[in-house]
file my_file_9.tsv (TSV, C-alpha atoms)
chain	number	residue	atom	x	y	z
A	114	MET	CA	-39.78	16.09	-34.01
A	115	PRO	CA	-38.33	12.67	-34.76
A	116	GLU	CA	-39.89	9.78	-32.90
A	117	GLU	CA	-37.91	8.35	-30.01
A	118	VAL	CA	-36.61	4.89	-30.73
A	119	ASP	CA	-36.89	2.28	-27.99
A	120	VAL	CA	-33.52	0.71	-27.28
A	121	ALA	CA	-33.58	-2.94	-26.29
A	122	GLU	CA	-32.18	-3.77	-22.88
A	123	GLN	CA	-29.03	-5.83	-22.78
A	124	HIS	CA	-28.88	-8.21	-19.81
A	125	VAL	CA	-25.25	-8.82	-18.80
A	126	SER	CA	-23.58	-10.69	-15.99
A	127	LEU	CA	-21.05	-7.93	-15.35
A	128	LEU	CA	-20.59	-4.24	-16.10
A	129	ILE	CA	-16.93	-3.19	-15.79
A	130	VAL	CA	-16.33	0.54	-15.41
A	131	GLY	CA	-12.83	2.00	-15.26
A	132	GLY	CA	-9.84	3.01	-17.33
A	133	ASP	CA	-8.11	0.78	-19.86
A	134	SER	CA	-4.77	2.16	-18.65
A	135	ASP	CA	-5.43	0.88	-15.13
A	136	PRO	CA	-3.83	-2.58	-15.02
A	137	ASN	CA	-6.22	-3.66	-12.26
A	138	THR	CA	-9.32	-2.93	-14.31
A	139	GLN	CA	-7.72	-4.38	-17.42
A	140	ARG	CA	-6.96	-7.61	-15.55
A	141	ILE	CA	-10.65	-7.99	-14.66
A	142	VAL	CA	-11.56	-7.38	-18.33
A	143	ASP	CA	-9.03	-9.98	-19.44
A	144	GLN	CA	-10.18	-12.60	-16.97
A	145	ALA	CA	-13.85	-11.97	-17.75
A	146	HIS	CA	-13.03	-12.52	-21.43
A	147	LEU	CA	-11.06	-15.70	-20.71
A	148	ARG	CA	-13.92	-17.04	-18.57
A	149	GLY	CA	-16.41	-16.35	-21.35
A	150	LEU	CA	-18.49	-14.08	-19.15
A	151	ASP	CA	-21.21	-11.92	-20.63
A	152	TYR	CA	-19.80	-8.48	-19.77
A	153	VAL	CA	-19.70	-4.86	-20.95
A	154	PHE	CA	-16.63	-2.66	-20.43
A	155	TRP	CA	-17.18	1.10	-20.23
A	156	ASP	CA	-13.72	2.65	-20.66
A	157	THR	CA	-13.40	5.98	-18.84
A	158	ASP	CA	-10.09	6.65	-20.64
A	159	CYS	CA	-11.92	7.31	-23.92
A	160	GLU	CA	-11.72	10.84	-25.26
A	161	GLY	CA	-14.74	12.94	-26.11
A	162	SER	CA	-18.06	13.71	-24.49
A	163	GLU	CA	-19.61	10.30	-25.21
A	164	VAL	CA	-17.83	8.68	-22.27
A	165	ARG	CA	-19.86	10.87	-19.90
A	166	GLN	CA	-23.18	9.90	-21.49
A	167	VAL	CA	-24.25	7.75	-18.55
A	168	ALA	CA	-27.72	8.00	-17.02
A	169	TRP	CA	-30.23	6.02	-14.98
A	170	ASP	CA	-33.52	6.54	-13.20
A	171	LEU	CA	-35.24	5.07	-10.19
A	172	SER	CA	-37.83	3.03	-12.08
A	173	GLU	CA	-35.69	-0.08	-12.65
A	174	PRO	CA	-32.06	-1.28	-12.38
A	175	VAL	CA	-31.10	-0.31	-15.91
A	176	ILE	CA	-28.33	2.11	-16.84
A	177	ASP	CA	-27.92	3.93	-20.15
A	178	LEU	CA	-24.42	4.02	-21.61
A	179	SER	CA	-24.63	6.29	-24.64
A	180	ASP	CA	-27.04	4.43	-26.97
A	181	ARG	CA	-27.06	1.16	-24.96
A	182	ARG	CA	-29.40	0.14	-22.13
A	183	ILE	CA	-27.65	-2.23	-19.76
A	184	ARG	CA	-29.21	-4.34	-17.01
A	185	PRO	CA	-26.19	-5.73	-15.13
A	186	ALA	CA	-26.27	-8.46	-12.51
A	187	ALA	CA	-23.01	-7.11	-11.05
A	188	VAL	CA	-20.71	-4.11	-11.36
A	189	PHE	CA	-16.91	-3.89	-11.04
A	190	LEU	CA	-16.05	-0.22	-10.58
A	191	ARG	CA	-12.61	1.31	-10.17
A	192	TYR	CA	-11.54	4.94	-10.48
A	193	ASN	CA	-8.41	5.17	-12.65
A	194	VAL	CA	-5.55	6.80	-10.72
A	195	PHE	CA	-3.08	6.00	-13.50
A	196	ARG	CA	-4.33	8.71	-15.86
A	197	GLU	CA	-4.93	12.41	-15.33
A	198	ASP	CA	-8.64	13.21	-15.26
A	199	SER	CA	-8.30	16.80	-16.49
A	200	ASP	CA	-11.84	17.00	-17.89
A	201	GLY	CA	-13.44	15.25	-14.91
A	202	ASN	CA	-15.03	12.60	-17.12
A	203	ALA	CA	-13.68	9.62	-15.20
A	204	TYR	CA	-14.85	11.00	-11.87
A	205	ALA	CA	-18.29	11.88	-13.26
A	206	VAL	CA	-18.78	8.39	-14.68
A	207	HIS	CA	-17.46	6.70	-11.54
A	208	ASP	CA	-19.77	8.73	-9.29
A	209	THR	CA	-22.82	8.12	-11.48
A	210	VAL	CA	-22.27	4.36	-11.80
A	211	GLU	CA	-21.51	4.01	-8.09
A	212	SER	CA	-24.78	5.74	-7.22
A	213	PHE	CA	-26.60	3.38	-9.59
A	214	ALA	CA	-25.03	0.23	-8.13
A	215	LEU	CA	-25.67	1.33	-4.54
A	216	ALA	CA	-29.29	2.18	-5.28
A	217	TRP	CA	-30.10	-1.39	-6.37
A	218	SER	CA	-29.19	-3.84	-3.62
A	219	ASP	CA	-29.53	-6.92	-5.84
A	220	ILE	CA	-26.60	-5.83	-8.02
A	221	GLY	CA	-23.34	-7.55	-7.10
A	222	LEU	CA	-20.77	-5.00	-5.90
A	223	LEU	CA	-17.52	-5.18	-3.94
A	224	ASN	CA	-17.65	-3.59	-0.46
A	225	ARG	CA	-21.25	-2.50	-0.83
A	226	ARG	CA	-21.63	-2.08	2.94
A	227	THR	CA	-18.67	0.28	3.28
A	228	LEU	CA	-18.60	2.37	0.08
A	229	GLY	CA	-18.39	6.03	1.00
A	230	ALA	CA	-17.21	5.33	4.55
A	231	VAL	CA	-13.81	6.52	5.75
A	232	ASN	CA	-11.33	3.68	6.29
A	233	ASN	CA	-9.80	5.09	9.48
A	234	LYS	CA	-6.34	3.72	10.25
A	235	SER	CA	-6.44	4.53	13.97
A	236	ARG	CA	-9.76	2.78	14.50
A	237	ASN	CA	-8.52	-0.19	12.51
A	238	LEU	CA	-5.43	-0.57	14.70
A	239	VAL	CA	-7.58	-0.64	17.84
A	240	LEU	CA	-10.05	-3.09	16.27
A	241	ALA	CA	-7.18	-5.27	15.06
A	242	ARG	CA	-5.83	-5.55	18.59
A	243	ARG	CA	-9.30	-6.47	19.87
A	244	CYS	CA	-9.51	-9.17	17.19
A	245	GLY	CA	-6.27	-10.73	18.45
A	246	PHE	CA	-3.51	-9.14	16.38
A	247	ALA	CA	-0.29	-7.71	17.73
A	248	ILE	CA	0.07	-4.07	16.64
A	249	PRO	CA	3.16	-1.82	16.63
A	250	GLU	CA	4.07	0.45	19.52
A	251	THR	CA	2.39	3.59	18.23
A	252	THR	CA	2.16	7.30	19.07
A	253	VAL	CA	0.30	9.93	17.05
A	254	LEU	CA	1.89	13.38	16.71
A	255	ALA	CA	0.52	16.58	15.18
A	256	ASP	CA	3.73	18.49	15.99
A	257	LEU	CA	6.70	16.44	14.79
A	258	SER	CA	9.44	18.70	16.18
A	259	PRO	CA	10.09	16.45	19.24
A	260	LEU	CA	11.34	13.78	16.82
A	261	ILE	CA	14.46	15.86	16.20
A	262	ARG	CA	15.61	14.89	19.71
A	263	HIS	CA	14.47	11.25	19.49
A	264	PRO	CA	17.14	9.07	21.16
A	265	ALA	CA	16.66	6.18	18.71
A	266	ALA	CA	15.69	7.87	15.44
A	267	ASP	CA	16.97	4.90	13.45
A	268	ARG	CA	14.59	2.53	15.26
A	269	VAL	CA	11.28	4.32	14.62
A	270	ILE	CA	9.29	5.21	11.50
A	271	ILE	CA	6.65	7.75	10.60
A	272	LYS	CA	3.69	7.39	8.26
A	273	PRO	CA	0.66	9.65	7.71
A	274	LEU	CA	-2.33	9.46	10.01
A	275	ALA	CA	-4.50	9.68	6.88
A	276	GLY	CA	-3.80	9.02	3.21
A	277	GLY	CA	-1.50	6.58	1.51
A	278	ASP	CA	1.91	8.27	1.53
A	279	HIS	CA	4.91	6.05	2.18
A	280	ALA	CA	6.45	5.25	5.54
A	281	SER	CA	9.94	6.59	6.24
A	282	LEU	CA	12.63	6.25	8.88
A	283	VAL	CA	12.59	9.06	11.44
A	284	ALA	CA	16.36	9.37	11.10
A	285	ASP	CA	15.86	10.24	7.44
A	286	ALA	CA	12.89	12.54	8.06
A	287	ILE	CA	14.58	14.78	10.64
A	288	VAL	CA	17.44	15.67	8.29
A	289	ASP	CA	15.16	18.32	6.79
A	290	SER	CA	13.66	20.10	9.81
A	291	GLU	CA	11.77	22.64	7.67
A	292	ARG	CA	9.99	19.89	5.75
A	293	LEU	CA	9.32	18.03	9.01
A	294	ALA	CA	7.42	21.06	10.32
A	295	THR	CA	5.07	21.03	7.31
A	296	LEU	CA	4.11	17.36	7.47
A	297	PRO	CA	0.52	16.42	8.42
A	298	PRO	CA	-0.11	14.41	11.61
A	299	GLN	CA	1.83	11.16	11.65
A	300	PHE	CA	1.90	7.76	13.29
A	301	VAL	CA	5.24	7.21	15.02
A	302	GLN	CA	5.86	3.48	15.25
A	303	GLU	CA	8.56	1.01	16.12
A	304	LYS	CA	10.68	-0.18	13.21
A	305	LEU	CA	10.07	-3.85	12.50
A	306	ASP	CA	12.88	-5.84	10.91
A	307	GLY	CA	11.16	-9.05	9.82
A	308	GLU	CA	9.52	-10.05	6.55
A	309	ASN	CA	6.58	-8.26	4.90
A	310	LEU	CA	3.35	-10.23	4.50
A	311	ARG	CA	0.08	-9.31	2.78
A	312	VAL	CA	-3.21	-11.17	3.09
A	313	PHE	CA	-6.05	-10.54	0.62
A	314	SER	CA	-9.60	-11.33	1.67
A	315	ILE	CA	-12.09	-11.72	-1.19
A	316	GLY	CA	-15.58	-12.85	-0.29
A	317	GLY	CA	-14.11	-14.40	2.85
A	318	ASP	CA	-11.45	-16.42	1.01
A	319	LEU	CA	-7.87	-15.62	2.09
A	320	PHE	CA	-4.74	-15.41	-0.09
A	321	GLY	CA	-1.26	-14.95	1.37
A	322	PHE	CA	1.85	-13.29	-0.07
A	323	HIS	CA	5.44	-12.66	0.95
A	324	LEU	CA	7.06	-9.42	-0.20
A	325	GLN	CA	10.84	-9.66	-0.23
A	326	THR	CA	12.45	-6.22	0.14
A	327	ASP	CA	15.03	-4.36	2.19
A	328	GLN	CA	13.10	-1.07	2.12
A	329	ILE	CA	11.09	0.45	4.98
A	330	ASP	CA	8.06	0.63	2.68
A	331	TYR	CA	7.94	-2.08	0.00
A	332	ARG	CA	6.06	0.28	-2.34
A	333	THR	CA	9.26	2.30	-2.80
A	334	ASP	CA	11.16	-0.78	-4.01
A	335	ASP	CA	10.97	-1.26	-7.79
A	336	ASN	CA	12.59	-4.67	-7.36
A	337	VAL	CA	10.34	-6.08	-4.64
A	338	LEU	CA	9.73	-9.78	-5.13
A	339	VAL	CA	6.20	-11.07	-4.53
A	340	ARG	CA	5.41	-14.73	-4.07
A	341	ALA	CA	2.25	-16.53	-3.07
A	342	ILE	CA	2.35	-18.37	0.28
A	343	ASP	CA	-0.10	-20.07	2.58
A	344	VAL	CA	-1.71	-17.64	4.99
A	345	PRO	CA	0.04	-18.17	8.35
A	346	SER	CA	-2.33	-20.22	10.49
A	347	GLN	CA	-1.98	-17.90	13.47
A	348	LEU	CA	-3.49	-15.05	11.41
A	349	THR	CA	-6.54	-16.65	9.79
A	350	ASP	CA	-9.07	-16.33	12.63
A	351	ALA	CA	-8.13	-12.74	13.44
A	352	VAL	CA	-8.14	-11.76	9.74
A	353	SER	CA	-11.63	-13.16	9.29
A	354	ALA	CA	-12.84	-11.47	12.49
A	355	LEU	CA	-11.49	-8.04	11.52
A	356	VAL	CA	-12.75	-8.23	7.94
A	357	GLU	CA	-16.22	-9.20	9.16
A	358	ARG	CA	-16.17	-6.44	11.79
A	359	LEU	CA	-15.34	-3.83	9.13
A	360	GLY	CA	-17.73	-5.25	6.53
A	361	PHE	CA	-15.25	-5.65	3.66
A	362	ASP	CA	-15.87	-8.09	0.81
A	363	TYR	CA	-12.54	-7.16	-0.75
A	364	CYS	CA	-9.48	-5.89	1.12
A	365	ALA	CA	-5.82	-6.52	1.89
A	366	LEU	CA	-4.10	-6.61	5.28
A	367	ASP	CA	-0.41	-5.73	5.67
A	368	PHE	CA	1.88	-7.24	8.29
A	369	ARG	CA	5.54	-7.00	9.14
A	370	CYS	CA	7.18	-9.59	11.34
A	371	ARG	CA	9.46	-8.78	14.26
A	372	ARG	CA	12.03	-11.33	13.10
A	373	GLY	CA	12.08	-13.46	9.98
A	374	PHE	CA	8.59	-14.86	9.48
A	375	GLU	CA	7.93	-14.99	13.23
A	376	ALA	CA	5.66	-12.75	15.30
A	377	PRO	CA	3.70	-10.95	12.54
A	378	VAL	CA	2.46	-7.48	13.51
A	379	PHE	CA	-0.63	-5.89	11.95
A	380	LEU	CA	0.09	-2.60	10.15
A	381	GLU	CA	-3.08	-1.63	8.25
A	382	ILE	CA	-5.99	-2.81	6.16
A	383	ASN	CA	-6.69	-1.43	2.67
A	384	SER	CA	-10.31	-1.42	1.53
A	385	PHE	CA	-9.85	-1.43	-2.26
A	386	PRO	CA	-6.21	-2.33	-2.95
A	387	MET	CA	-4.43	-2.68	-6.26
A	388	PHE	CA	-3.84	-6.36	-6.91
A	389	VAL	CA	-2.13	-7.05	-10.25
A	390	ALA	CA	1.36	-7.85	-8.93
A	391	PHE	CA	-0.20	-10.27	-6.46
A	392	ASP	CA	-2.49	-11.70	-9.10
A	393	ASP	CA	0.58	-12.41	-11.24
A	394	ALA	CA	2.25	-14.19	-8.32
A	395	SER	CA	-0.84	-16.32	-7.68
A	396	GLU	CA	-1.56	-17.16	-11.34
A	397	ASN	CA	-4.74	-15.04	-11.50
A	398	ARG	CA	-6.35	-16.46	-8.38
A	399	LEU	CA	-7.26	-12.96	-7.12
A	400	ALA	CA	-8.97	-11.83	-10.33
A	401	ASP	CA	-10.82	-15.13	-10.48
A	402	ALA	CA	-11.93	-14.76	-6.86
A	403	ILE	CA	-13.23	-11.24	-7.54
A	404	LEU	CA	-15.22	-12.46	-10.52
A	405	GLU	CA	-16.47	-15.47	-8.57
A	406	PHE	CA	-17.75	-13.18	-5.84
A	407	LEU	CA	-19.44	-10.79	-8.26
A	408	VAL	CA	-21.04	-13.21	-10.72

call {"tool": "encode", "arguments": {"input": "my_file_9.tsv", "output": "C-alpha cells"}}
result
Amino acid sequence: MPEEVDVAEQHVSLLIVGGDSDPNTQRIVDQAHLRGLDYVFWDTDCEGSEVRQVAWDLSEPVIDLSDRRIRPAAVFLRYNVFREDSDGNAYAVHDTVESFALAWSDIGLLNRRTLGAVNNKSRNLVLARRCGFAIPETTVLADLSPLIRHPAADRVIIKPLAGGDHASLVADAIVDSERLATLPPQFVQEKLDGENLRVFSIGGDLFGFHLQTDQIDYRTDDNVLVRAIDVPSQLTDAVSALVERLGFDYCALDFRCRRGFEAPVFLEINSFPMFVAFDDASENRLADAILEFLV
C-alpha cells in the first residue's frame, strides 16, 4: 500500500462555501478579494464528485476539502437557491460544513445562536409588538373560504403563515375559488398604502433602505428602485431590541408605512436575507459589514 502523505494545514481568515451562480455568495468572494483577505472559496456549483469531498473530525477545527486541509477563523456559508441541486452535492456540502462550523464555537459564523431554529413569523409579530413596533391588523385562517364574502376585499392582503411566497390582494385571490381552497394557512392583514422600508442588522449595525414600488409585494416588481436611507430614528431602539431578543447577527426587517414615510408598521424579519440589490444601493456597505463581523 502506498504511504499516506501528510497534507499541510492552511490557516485562512475566511472559508466561503456556496455557489458561484449565487450573486450573494459571489459578492462576498469579490469583496474578500478586494479587501485582500486570506480566504478559500469552495464552489458548490462545480460538477463532479470532487465537490462533495468534504470531511472533518472532532479532534481539531480543521476541515478537509478534497486534497486541502483548511483551518478557518470564520466561515461564510450560503446554500445556493439559484441553481438546481439535482445530485444533492450542494446540500451535502452545506450540511457538512455547517455541522463543522457549529461544532467549533471559536469559528466566526453568522447567526450561530439560531442556525437550525425555525424563524416563526407569528412569534416574531408578537415579539415585535412587545419591543415597541406597530404591527398590522392580523388574522390567521386555515380555511380561506370566508374571504370570498369579505366586505372590503380590496383593502386586505394574504400571505403564507410559513414560507416565503409573495403577498397578494384578497380581491385578486378570491377570483379563483378552487385555488383559494388549496392554499395553506394564511395571514390576513390590512393593506398598507405607504412606502416600503427595509432595515438590515449586521453585528448590531443598522442599514436603512427605501424600496419604491407600486406593487403589493415589492419582490414581484422587476423595476423596484432601492436606495439607501438613514434608518428612521423611531425604529432604531425597537430594531435593536427585537434582533437581540431573537439572537440574530445578520437579518433584515421589513416595514410598510401607513402613509408616505409616516407610521411604519413591522411586517416580518428575515434571518438570512439576500442582500446584493441593497449592497449595490449602499456601495458595498453590507458586504463589508458582513466581512467585518466575520473576520

call {"tool": "closest_residue", "arguments": {"input": "my_file_9.tsv", "among": "A:Thr157, A:Thr138, A:Ser290, A:Ser281", "to": "Pro259 of chain A", "atoms": "only C-alpha atoms"}}
result
A:Ser290

call {"tool": "residues_around", "arguments": {"input": "my_file_9.tsv", "residues": "segment 143-148 of chain A", "least_positions_apart": "6", "cutoff": "8 Å", "atoms": "only C-alpha atoms", "output": "PyMOL selection string"}}
result
chain A and resi 400-401+404

call {"tool": "closest_residue", "arguments": {"input": "my_file_9.tsv", "among": "A:Glu197, A:Ala354, A:Trp155, A:Ile183", "to": "Arg243 of chain A", "atoms": "all atoms listed in the file"}}
result
A:Ala354

call {"tool": "closest_atom_pairs", "arguments": {"input": "my_file_9.tsv", "of": "segment 160-250 of chain A", "to": "segment 362-384 of chain A", "cutoff": "9 Å", "atoms": "all atoms listed in the file", "output": "JSON lines"}}
result
{"residue": "A:Leu222", "atom": "CA", "partner": "A:Asp362", "partner_atom": "CA", "distance": 8.9}
{"residue": "A:Leu223", "atom": "CA", "partner": "A:Asp362", "partner_atom": "CA", "distance": 5.8}
{"residue": "A:Asn224", "atom": "CA", "partner": "A:Asp362", "partner_atom": "CA", "distance": 5.0}
{"residue": "A:Arg225", "atom": "CA", "partner": "A:Asp362", "partner_atom": "CA", "distance": 7.9}
{"residue": "A:Arg226", "atom": "CA", "partner": "A:Asp362", "partner_atom": "CA", "distance": 8.6}
{"residue": "A:Thr227", "atom": "CA", "partner": "A:Ser384", "partner_atom": "CA", "distance": 8.7}
{"residue": "A:Asn232", "atom": "CA", "partner": "A:Ser384", "partner_atom": "CA", "distance": 7.1}
{"residue": "A:Lys234", "atom": "CA", "partner": "A:Glu381", "partner_atom": "CA", "distance": 6.6}
{"residue": "A:Asn237", "atom": "CA", "partner": "A:Glu381", "partner_atom": "CA", "distance": 7.1}
{"residue": "A:Leu238", "atom": "CA", "partner": "A:Glu381", "partner_atom": "CA", "distance": 6.9}
{"residue": "A:Ala241", "atom": "CA", "partner": "A:Phe379", "partner_atom": "CA", "distance": 7.3}
{"residue": "A:Arg242", "atom": "CA", "partner": "A:Phe379", "partner_atom": "CA", "distance": 8.4}
{"residue": "A:Phe246", "atom": "CA", "partner": "A:Phe379", "partner_atom": "CA", "distance": 6.2}
{"residue": "A:Ala247", "atom": "CA", "partner": "A:Val378", "partner_atom": "CA", "distance": 5.0}
{"residue": "A:Ile248", "atom": "CA", "partner": "A:Phe379", "partner_atom": "CA", "distance": 5.1}
{"residue": "A:Pro249", "atom": "CA", "partner": "A:Val378", "partner_atom": "CA", "distance": 6.5}

call {"tool": "write_last_selection", "arguments": {"input": "my_file_9.tsv", "atoms": "C-alpha atoms", "output": "PDB file, in the frame of the given file"}}
result
ATOM      1  CA  LEU A 222     -20.770  -5.000  -5.900  1.00  0.00           C
ATOM      2  CA  LEU A 223     -17.520  -5.180  -3.940  1.00  0.00           C
ATOM      3  CA  ASN A 224     -17.650  -3.590  -0.460  1.00  0.00           C
ATOM      4  CA  ARG A 225     -21.250  -2.500  -0.830  1.00  0.00           C
ATOM      5  CA  ARG A 226     -21.630  -2.080   2.940  1.00  0.00           C
ATOM      6  CA  THR A 227     -18.670   0.280   3.280  1.00  0.00           C
ATOM      7  CA  ASN A 232     -11.330   3.680   6.290  1.00  0.00           C
ATOM      8  CA  LYS A 234      -6.340   3.720  10.250  1.00  0.00           C
ATOM      9  CA  ASN A 237      -8.520  -0.190  12.510  1.00  0.00           C
ATOM     10  CA  LEU A 238      -5.430  -0.570  14.700  1.00  0.00           C
ATOM     11  CA  ALA A 241      -7.180  -5.270  15.060  1.00  0.00           C
ATOM     12  CA  ARG A 242      -5.830  -5.550  18.590  1.00  0.00           C
ATOM     13  CA  PHE A 246      -3.510  -9.140  16.380  1.00  0.00           C
ATOM     14  CA  ALA A 247      -0.290  -7.710  17.730  1.00  0.00           C
ATOM     15  CA  ILE A 248       0.070  -4.070  16.640  1.00  0.00           C
ATOM     16  CA  PRO A 249       3.160  -1.820  16.630  1.00  0.00           C
TER      17      PRO A 249
END

call {"tool": "residues_around", "arguments": {"input": "my_file_9.tsv", "residues": "Arg340 of chain A", "least_positions_apart": "2", "cutoff": "8 Å", "atoms": "all atoms listed in the file", "output": "PDB file with C-alpha atoms, keeping the file's coordinate frame"}}
result
ATOM      1  CA  PHE A 322       1.850 -13.290  -0.070  1.00  0.00           C
ATOM      2  CA  HIS A 323       5.440 -12.660   0.950  1.00  0.00           C
ATOM      3  CA  LEU A 324       7.060  -9.420  -0.200  1.00  0.00           C
ATOM      4  CA  LEU A 338       9.730  -9.780  -5.130  1.00  0.00           C
ATOM      5  CA  ILE A 342       2.350 -18.370   0.280  1.00  0.00           C
ATOM      6  CA  PHE A 391      -0.200 -10.270  -6.460  1.00  0.00           C
ATOM      7  CA  ALA A 394       2.250 -14.190  -8.320  1.00  0.00           C
ATOM      8  CA  SER A 395      -0.840 -16.320  -7.680  1.00  0.00           C
TER       9      SER A 395
END

call {"tool": "atom_distance", "arguments": {"input": "my_file_9.tsv", "atom1": "atom CA of Pro345 of chain A", "atom2": "atom CA of Ile271 of chain A"}}
result
26.8 Å

call {"tool": "atom_distance", "arguments": {"input": "my_file_9.tsv", "atom1": "atom CA of Arg268 of chain A", "atom2": "atom CA of Val312 of chain A"}}
result
25.5 Å

call {"tool": "residues_around", "arguments": {"input": "my_file_9.tsv", "residues": "Leu215 of chain A", "least_positions_apart": "3", "cutoff": "12 Å", "atoms": "all atoms listed in the file", "output": "PyMOL selection string"}}
result
chain A and resi 171+174+187-188+190+208-212+218-229

call {"tool": "write_last_selection", "arguments": {"input": "my_file_9.tsv", "atoms": "C-alpha atoms", "output": "mmCIF file, in the coordinates of the input"}}
result
data_model
loop_
_atom_site.group_PDB
_atom_site.id
_atom_site.type_symbol
_atom_site.label_atom_id
_atom_site.label_comp_id
_atom_site.auth_asym_id
_atom_site.auth_seq_id
_atom_site.Cartn_x
_atom_site.Cartn_y
_atom_site.Cartn_z
ATOM 1 C CA LEU A 171 -35.240 5.070 -10.190
ATOM 2 C CA PRO A 174 -32.060 -1.280 -12.380
ATOM 3 C CA ALA A 187 -23.010 -7.110 -11.050
ATOM 4 C CA VAL A 188 -20.710 -4.110 -11.360
ATOM 5 C CA LEU A 190 -16.050 -0.220 -10.580
ATOM 6 C CA ASP A 208 -19.770 8.730 -9.290
ATOM 7 C CA THR A 209 -22.820 8.120 -11.480
ATOM 8 C CA VAL A 210 -22.270 4.360 -11.800
ATOM 9 C CA GLU A 211 -21.510 4.010 -8.090
ATOM 10 C CA SER A 212 -24.780 5.740 -7.220
ATOM 11 C CA SER A 218 -29.190 -3.840 -3.620
ATOM 12 C CA ASP A 219 -29.530 -6.920 -5.840
ATOM 13 C CA ILE A 220 -26.600 -5.830 -8.020
ATOM 14 C CA GLY A 221 -23.340 -7.550 -7.100
ATOM 15 C CA LEU A 222 -20.770 -5.000 -5.900
ATOM 16 C CA LEU A 223 -17.520 -5.180 -3.940
ATOM 17 C CA ASN A 224 -17.650 -3.590 -0.460
ATOM 18 C CA ARG A 225 -21.250 -2.500 -0.830
ATOM 19 C CA ARG A 226 -21.630 -2.080 2.940
ATOM 20 C CA THR A 227 -18.670 0.280 3.280
ATOM 21 C CA LEU A 228 -18.600 2.370 0.080
ATOM 22 C CA GLY A 229 -18.390 6.030 1.000
#

call {"tool": "closest_residue", "arguments": {"input": "my_file_9.tsv", "among": "A:Leu282, A:Val301, A:Leu359, A:Val408", "to": "Leu257 of chain A", "atoms": "all atoms listed in the file"}}
result
A:Val301

call {"tool": "atom_distance", "arguments": {"input": "my_file_9.tsv", "atom1": "atom CA of Phe213 of chain A", "atom2": "atom CA of Ile129 of chain A"}}
result
13.2 Å

call {"tool": "residues_around", "arguments": {"input": "my_file_9.tsv", "residues": "Asp267 of chain A", "least_positions_apart": "6", "cutoff": "10 Å", "atoms": "only C-alpha atoms", "output": "short mmCIF file (atom, residue, chain, number, x, y, z; two decimals) with C-alpha atoms, in the coordinates of the input"}}
result
data_model
loop_
_atom_site.label_atom_id
_atom_site.label_comp_id
_atom_site.auth_asym_id
_atom_site.auth_seq_id
_atom_site.Cartn_x
_atom_site.Cartn_y
_atom_site.Cartn_z
CA LEU A 282 12.63 6.25 8.88
CA VAL A 283 12.59 9.06 11.44
CA ALA A 284 16.36 9.37 11.10
CA ASP A 285 15.86 10.24 7.44
CA GLU A 303 8.56 1.01 16.12
CA LYS A 304 10.68 -0.18 13.21
#

call {"tool": "closest_residue", "arguments": {"input": "my_file_9.tsv", "among": "A:Asn137, A:Ser126, A:Gln166, A:Gln347", "to": "Tyr152 of chain A", "atoms": "only C-alpha atoms"}}
result
A:Ser126

call {"tool": "axis_aligned_box", "arguments": {"input": "my_file_9.tsv", "around": "segment 133-151 of chain A", "padding_each_side": "6 Å", "output": "JSON"}}
result
{"center_x": -12.5, "center_y": -7.4, "center_z": -16.8, "size_x": 29.4, "size_y": 31.2, "size_z": 21.2}

call {"tool": "residues_around", "arguments": {"input": "my_file_9.tsv", "residues": "Ser134 of chain A", "least_positions_apart": "5", "cutoff": "8 Å", "atoms": "only C-alpha atoms", "output": "VMD selection string"}}
result
chain A and resid 139 158 193 195 to 196

call {"tool": "closest_residue", "arguments": {"input": "my_file_9.tsv", "among": "A:Ser179, A:Gln299, A:Asn202, A:Thr349", "to": "Gly321 of chain A", "atoms": "all atoms listed in the file"}}
result
A:Thr349

call {"tool": "closest_residue", "arguments": {"input": "my_file_9.tsv", "among": "A:Leu348, A:Ala275, A:Gly131, A:Ile403", "to": "Phe388 of chain A", "atoms": "only C-alpha atoms"}}
result
A:Ile403

call {"tool": "build_atoms", "arguments": {"input": "my_file_9.tsv", "residues": "segment 144-154 of chain A", "atoms": "N, CA and C atoms", "output": "mmCIF file, keeping the file's coordinate frame"}}
result
data_model
loop_
_atom_site.group_PDB
_atom_site.id
_atom_site.type_symbol
_atom_site.label_atom_id
_atom_site.label_comp_id
_atom_site.auth_asym_id
_atom_site.auth_seq_id
_atom_site.Cartn_x
_atom_site.Cartn_y
_atom_site.Cartn_z
ATOM 1 N N GLN A 144 -9.711 -11.360 -17.581
ATOM 2 C CA GLN A 144 -10.180 -12.600 -16.970
ATOM 3 C C GLN A 144 -11.653 -12.855 -17.283
ATOM 4 N N ALA A 145 -12.448 -11.789 -17.364
ATOM 5 C CA ALA A 145 -13.850 -11.970 -17.750
ATOM 6 C C ALA A 145 -13.938 -12.522 -19.170
ATOM 7 N N HIS A 146 -13.050 -12.034 -20.044
ATOM 8 C CA HIS A 146 -13.030 -12.520 -21.430
ATOM 9 C C HIS A 146 -12.600 -13.995 -21.468
ATOM 10 N N LEU A 147 -11.556 -14.327 -20.716
ATOM 11 C CA LEU A 147 -11.060 -15.700 -20.710
ATOM 12 C C LEU A 147 -12.101 -16.668 -20.134
ATOM 13 N N ARG A 148 -12.888 -16.201 -19.174
ATOM 14 C CA ARG A 148 -13.920 -17.040 -18.570
ATOM 15 C C ARG A 148 -15.167 -17.144 -19.447
ATOM 16 N N GLY A 149 -15.238 -16.340 -20.504
ATOM 17 C CA GLY A 149 -16.410 -16.350 -21.350
ATOM 18 C C GLY A 149 -17.621 -15.705 -20.714
ATOM 19 N N LEU A 150 -17.385 -14.750 -19.803
ATOM 20 C CA LEU A 150 -18.490 -14.080 -19.150
ATOM 21 C C LEU A 150 -19.172 -13.099 -20.096
ATOM 22 N N ASP A 151 -20.439 -12.908 -19.872
ATOM 23 C CA ASP A 151 -21.210 -11.920 -20.630
ATOM 24 C C ASP A 151 -21.026 -10.577 -19.929
ATOM 25 N N TYR A 152 -20.139 -9.727 -20.461
ATOM 26 C CA TYR A 152 -19.800 -8.480 -19.770
ATOM 27 C C TYR A 152 -19.785 -7.312 -20.761
ATOM 28 N N VAL A 153 -19.870 -6.107 -20.205
ATOM 29 C CA VAL A 153 -19.700 -4.860 -20.950
ATOM 30 C C VAL A 153 -18.631 -4.052 -20.232
ATOM 31 N N PHE A 154 -17.685 -3.503 -20.993
ATOM 32 C CA PHE A 154 -16.630 -2.660 -20.430
ATOM 33 C C PHE A 154 -16.855 -1.225 -20.890
#
